[in-house]
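Q: Structure in structure tokens, see below.
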Amino acid sequence: MTAFRLLELLVLIAVLAGLVGLLRHRNLFLKVLAMDVTSTAVISLFVLIAARDGLITPILHGDTPVVDPQAALAYADPIPQAVILTAIVIGFSVQALLLLATTLLASRDPTLDVAELDEPEAAGPRAGQP
């Protein structure tokens, strides 16, 4: 088994662990944590895809001669790397927003059980109703 196949298998296991965590846990905080594990695994998959062709960073300096086509095959693909940076920033902001919402919901129900959060509160009659 090659190193890339082993890393792909580990990333797949991490994605599956995150998805199982999303489906299995009833605590909202643990669901947010499982979603973060899944997004980190998907970002790792993009890193593997970018490095599949080569591991050399495609940065040429001014004094670097133009490389021949055979040597260019050893460079990593820069497009997935740009997507990775965008995904990291968006994932961080979504996680921060979800943790803020989870914190606000914790003041209503400290257990953060999803089944209890879906139930309407047992309140008295509304204003204007008998």
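Here, A, B, ... name the chains of the structure tokens in the order displayed, residue numbers run from 1 inside each chain, and ligands are numbered from 1 in the same displayed order.
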Counting only C-alpha atoms, what is within 6 Å of region 15-26 of chain A, bar same-chain residues fewer than 6 positions away, as a PDB file with N, CA and C atoms, in the first residue's frame?
A:
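Result written to selection.pdb:
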```
ATOM      1  N   ALA A  34     -18.247  17.463  15.698  1.00  0.00           N
ATOM      2  CA  ALA A  34     -18.188  16.451  14.641  1.00  0.00           C
ATOM      3  C   ALA A  34     -18.173  17.105  13.264  1.00  0.00           C
ATOM      4  N   VAL A  37     -14.670  18.195  12.622  1.00  0.00           N
ATOM      5  CA  VAL A  37     -13.817  17.054  12.248  1.00  0.00           C
ATOM      6  C   VAL A  37     -14.033  16.714  10.774  1.00  0.00           C
ATOM      7  N   THR A  38     -15.290  16.726  10.330  1.00  0.00           N
ATOM      8  CA  THR A  38     -15.585  16.428   8.933  1.00  0.00           C
ATOM      9  C   THR A  38     -14.978  17.461   8.002  1.00  0.00           C
ATOM     10  N   ALA A  41     -11.252  17.030   7.743  1.00  0.00           N
ATOM     11  CA  ALA A  41     -10.900  15.874   6.924  1.00  0.00           C
ATOM     12  C   ALA A  41     -11.062  16.179   5.434  1.00  0.00           C
ATOM     13  N   ASP A 113     -29.588  19.153  24.429  1.00  0.00           N
ATOM     14  CA  ASP A 113     -30.135  17.975  23.767  1.00  0.00           C
ATOM     15  C   ASP A 113     -31.013  18.425  22.603  1.00  0.00           C
ATOM     16  N   VAL A 114     -30.754  17.888  21.430  1.00  0.00           N
ATOM     17  CA  VAL A 114     -31.461  18.330  20.231  1.00  0.00           C
ATOM     18  C   VAL A 114     -32.948  18.021  20.323  1.00  0.00           C
TER      19      VAL A 114
END
```
Q: Give me, as a list in words, all polymer residues having an atom no more than 12 Å from Arg108 (chain A), counting only C-alpha atoms and skipping those fewer than 5 positions away in the same chain.
A: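 The neighbour list is Ala101, Thr102, Thr103, Asp113, Glu116, Leu117, Pro120 and Glu121 of chain A.
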Q: Do you have the CA of Leu112 (chain A)-CA of Val94 (chain A) distance handy?
A: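 Atom-to-atom, CA of Leu112 (chain A) and CA of Val94 (chain A) are spaced 18.7 Å apart.
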Q: Which of these, A:Phe92, A:Phe29, A:Phe46, A:Tyr75, has the shortest distance to Pro110 (chain A) once you count only C-alpha atoms?
A: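 Closest to Pro110 (chain A) of all the choices is A:Phe29.
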Q: Could you pull out the helix (DSSP H, G or I) residues of chain A from DSSP and send them as number ranges by chain?
A: A: 3-24, 28-50, 69-72, 78-108, 114-118
Q: Interatomic distance between CA of Ile84 (chain A) and CA of Asn27 (chain A)?
A: 28.9 Å
Q: CA of Leu30 (chain A) and CA of Leu99 (chain A), how far apart in Å?
A: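 That distance, rounded to one decimal, is 10.5 Å.
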Q: Hey, what's within 12 Å of region 5-8 of chain A if we count only C-alpha atoms and toss same-chain stuff fewer than 2 positions away? As a ChimeraX atom specification, please?
A: /A:1-3,10-15,41-49,51-52
